[in-house]
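Chemist: Questions regarding the structure given below will be posed in turn.
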Amino acid sequence: MDTRKIEGILKKRARSSKEDCRAALKKARAKTGLDLDEAAILINLKGGPLTKELLDTALWVKNEIYGERIVFFAPLYVSDFCVNDCGYCNFHRSNTALSRRRLSLDEVEGQVRLLIEMGHKRLLVESGEDPENNTIDYIAKVIDRIYSVRAGKGNIRRVNVNIAATTVENYRKLKKAGIGTYQLFQETYHRPTYGKLHDGPKSDYDRQITAYERAFSAGIDDLGLGVLFGLYDWRFEVMSLIAHSQYLDSMHKVGPHTISVPRFRPAPSVTYRAGYPVSDGDFLKLVALLRLAVPYAGMIISTRESPAIRKKAFLSGISQASASSAASVGGYKDKRRARAQFAICDERGLDSVIKSVLDDRILPSFCTACYRTGRTGEAFMELSKPGHIHNLCRPNGILTFAEYLEDFASSDTYKKGYEVLNFHLARIDGEPLRARTRQRLARIKKGARDLYF
Ligand code: SAM
Ligand code: SF4
């Protein structure tokens with residue numbers, strides 16, 4: 001990461017004219033992204049009508065690429081054993097008050113059943129770093145068990161993973177186990193801050209930032225970037241995320257599949273306070289900026305954010321969200337807050353999250369089609385970069401949402417859900433695809449499941 005270059009651009013663009021901002025927003029509408037200079041112009045925007053234009057442009061770009069859908073998933077924490085001492089995390093090694101836990105495969109199955117019964121189809125497996133307790137073979141077995149669970153008409157169809165940086169050999173094992181996206185957060189791209197907040201194997205900044213190269217060379221081509229906002233100046237972090245995305249894209253012709261934007265949250269046992277807290281206004285701005293700068297990437301928001309901020313972020317660039325989450329090992333059964341990695345802010349159940357997005361005519365989706373049809377890495381980018389992927393996201397979102405409505409929805413959500421579903425059905429490009437989607441919907445009503453394009 002060329003820190004000096006980024007700081008130089010931010011300084012040069014500290015005061016940008018309205019004309020420069022408008023030109024950058026116009027360029028963003030081409031859906032080809034922004035360079036660092038253009039991003040810095042918009043980063044330094046201060047309130048007013050131009051900020052509204054920025055958020056509106058981000059929604060427009062997101063809808064052009066992915067359509068008006070939000071894909072939902074839930075995290076599954078399998079082990080809080082950890083050899084690192086990250087200053088912001090409740091699982092940090094020096095928290096001796098936490099009696100550490102690693103789920104047995106039967107316990108994994110128990111948690112997965114609860115998640116399937118809520119209506120989930122996509123999970124994100126998370127764990128601390130511990131080479132003895134959380135081996136890759138254990139994670140591979142966890143993935144295998146998750147895919148094997150059938151509960152009622154439901155099952156988990158995509159397992160993404162967020163675990164510590166590791167070796168090519170281990171990434172190969174993860175690939176073989178059938179992972180979807182491999183997510184890893186750099187936490188902060190600012191090397192001195194990174195050094196101060198980490199202790200243990202994760203304190204190696206270079207091990208963290210080069211992990212994507214190792215994962216890619218092991219055949220994992222859907223990679224997720226992220227920063228823990230609050231550790232350092234958000235402007236620097238956003239520029240670094242954009243630079244990192246451009247680097248991956250130029251090296252492999254495959255940019256990040258997703259970008260996550262977690263903000264630091266209070267956590268039991270954690271005395272650290274965010275050195276650079278990000279205001280709600282700046283948070284929404286940074287979501288919008290990343291959407292414009294890396295338009296093809298899925299952008300993920302978690303339940304670290306409040307329902308009110310999530311609602312706004314869904315309308316300014318976010319395309320994926322966790323819902324009804326527990327951030328502790330075994331947390332879908334054991335609700336003790338002291339065991340959580342951090343405090344969650346949106347504690348609503350999946351049905352009420354879904355009901356609220358329907359108010360904005362957003363299409364809830366549980367789609368897993370790309371991963372299962374081999375549309376990963378470059379094949380995915382070929383569709384997402386020119387903005388063609390919505391032709392698949394929309395019908396697949398509709399089909400998976402219909403499954404949710406038939407199998408899990410409350411009666412209120414059912415009625416409202418079909419109104420929104422029919423609205424999006426009418427917007428599918430071209431009568432042949434619309435007709436095929438209608439036929440599949442009729443089959444779902446009769447009991448068929450897991451239909452996708
Ligand atoms: N242990 C692995 C690692 O550190 O890469 C896996 C990820 S950890 C389970 C998921 C993420 O939670 C971390 O990467 C970090 O960004 C985030 N996190 C940790 N403590 C947090 C806090 N207090 N507030 C918000 N997010 C936090
Ligand atoms: Fe361990 Fe990850 Fe928490 Fe750091 S963030 S203490 S590596 S679980």
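Going through the structure tokens in order, the chains are called A, B, and so on, while each chain numbers its residues from 1 and the ligands are numbered from 1 in the order shown.
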Using only C-alpha atoms, which residues sit within 8 Å of range 134-148 of chain A once same-chain residues fewer than 5 positions away are excluded, as a list in words?

Modeler: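 In the requested form, the answer reads Ser79, Phe81, Arg102, Leu105, Val108, Glu109, Val112, Ser127, Gly128, Glu129, Asn155, Ile156, Arg157, Arg158, Val159, Asn170, Lys173, Leu174, Ala177, Gly178 and Ile179 of chain A.
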
Chemist: Write out, as a tab-separated table, each residue of chain A that has an atom at most 6 Å from ligand 1, together with the closest pair of atoms and their distance in Å to one decimal, counting only C-alpha atoms and all ligand atoms, rows going by chain and rising number.

Modeler:
residue	atom	partner	partner_atom_place_in_ligand_line	distance
A:Tyr88	CA	ligand 1	23 (N)	4.7
A:Cys89	CA	ligand 1	20 (N)	3.6
A:Glu126	CA	ligand 1	9 (C)	4.8
A:Ser127	CA	ligand 1	9 (C)	4.9
A:Gly128	CA	ligand 1	1 (N)	3.8
A:Glu129	CA	ligand 1	1 (N)	5.3
A:Asn162	CA	ligand 1	6 (C)	5.0
A:Ile163	CA	ligand 1	6 (C)	4.0
A:Ala164	CA	ligand 1	5 (O)	4.2
A:Leu184	CA	ligand 1	5 (O)	5.6
A:Phe185	CA	ligand 1	14 (O)	5.0
A:Glu187	CA	ligand 1	16 (O)	5.4
A:Leu228	CA	ligand 1	16 (O)	4.8
A:Pro262	CA	ligand 1	26 (N)	5.8
A:Arg263	CA	ligand 1	25 (C)	5.5
A:Phe264	CA	ligand 1	24 (N)	3.7
A:Arg265	CA	ligand 1	24 (N)	3.7
A:Pro266	CA	ligand 1	23 (N)	5.3
A:Ala267	CA	ligand 1	23 (N)	5.0
A:Gln341	CA	ligand 1	20 (N)	5.9
A:Phe342	CA	ligand 1	23 (N)	4.6

Chemist: When you count only C-alpha atoms, which of these residues is closest to Ala218 in chain A: A:Asp346, A:Glu169, A:Glu132, A:Asp37?

Modeler: A:Glu169

Chemist: Let me make sure I understand: among A:Ile398, A:Ala97, A:Leu223, A:Val329, which one has the smallest atom-to-atom distance to Thr258 in chain A if we use only C-alpha atoms?

Modeler: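 Distance minimum relative to Thr258 in chain A lands on A:Leu223.
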
Chemist: When you count only C-alpha atoms and all ligand atoms, which of these residues is closest to ligand 2: A:Asp204, A:Asp20, A:Glu117, A:Glu7?

Modeler: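 Smallest distance to ligand 2 is found for A:Asp204.
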
Chemist: For Leu103 in chain A, which residue out of A:Leu292, A:Val78, A:Ala343, A:Ala24 is the nearest one, using only C-alpha atoms?

Modeler: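 Selected residue with least distance to Leu103 in chain A: A:Val78.
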
Chemist: Determine which residues of range 257-431 of chain A receive a DSSP assignment of strand (DSSP E or B), computed from the backbone, and state them as JSON, numbers by chain.

Modeler: {"A": [258, 259, 260, 263, 298, 299, 300, 301, 320, 321, 322, 363, 364, 365]}

Chemist: Gly330 in chain A: which residues within 10 Å, counting only C-alpha atoms, same-chain residues fewer than 2 positions away excluded, as an MDAnalysis selection string?

Modeler: chainID A and resid 76:79 101:103 107:108 110:111 326:328 332:336 339:340

Chemist: Please list as a ChimeraX atom specification every residue within 9 Å of range 355-362 of chain A, counting only C-alpha atoms and excluding residues in the same chain fewer than 3 positions away.

Modeler: /A:68-70,311,314-315,350-352,412-413,416-417,420-421,423-424

Chemist: Within range 117-252 of chain A, find each residue whose DSSP state, derived from the backbone, is alpha helix (DSSP H), and express the selection as JSON, numbers by chain.

Modeler: {"A": [117, 118, 136, 137, 138, 139, 140, 141, 142, 143, 144, 145, 146, 147, 148, 168, 169, 170, 171, 172, 173, 174, 175, 176, 191, 192, 193, 194, 195, 196, 197, 205, 206, 207, 208, 209, 211, 212, 213, 214, 215, 216, 217, 234, 235, 236, 237, 238, 239, 240, 241, 242, 243, 244, 245, 246, 247, 248, 249, 250, 251, 252]}

Chemist: Using only C-alpha atoms, which residues sit within 9 Å of Pro277 in chain A once same-chain residues fewer than 5 positions away are excluded, as an MDAnalysis selection string?

Modeler: chainID A and resid 229:234 263:264

Chemist: Just to be explicit: take each residue in the selection above, keep C-alpha atoms, and write the result as a PDB file, in the first residue's frame.

Modeler:
ATOM      1  CA  PHE A 229     -13.826   1.491  10.489  1.00  0.00           C
ATOM      2  CA  GLY A 230     -12.894   3.566  13.520  1.00  0.00           C
ATOM      3  CA  LEU A 231      -9.307   2.363  13.896  1.00  0.00           C
ATOM      4  CA  TYR A 232      -7.871   5.018  11.574  1.00  0.00           C
ATOM      5  CA  ASP A 233      -9.022   7.903   9.355  1.00  0.00           C
ATOM      6  CA  TRP A 234     -11.854   6.555   7.173  1.00  0.00           C
ATOM      7  CA  ARG A 263     -17.667  -0.113  12.173  1.00  0.00           C
ATOM      8  CA  PHE A 264     -16.063  -0.685  15.562  1.00  0.00           C
TER       9      PHE A 264
END
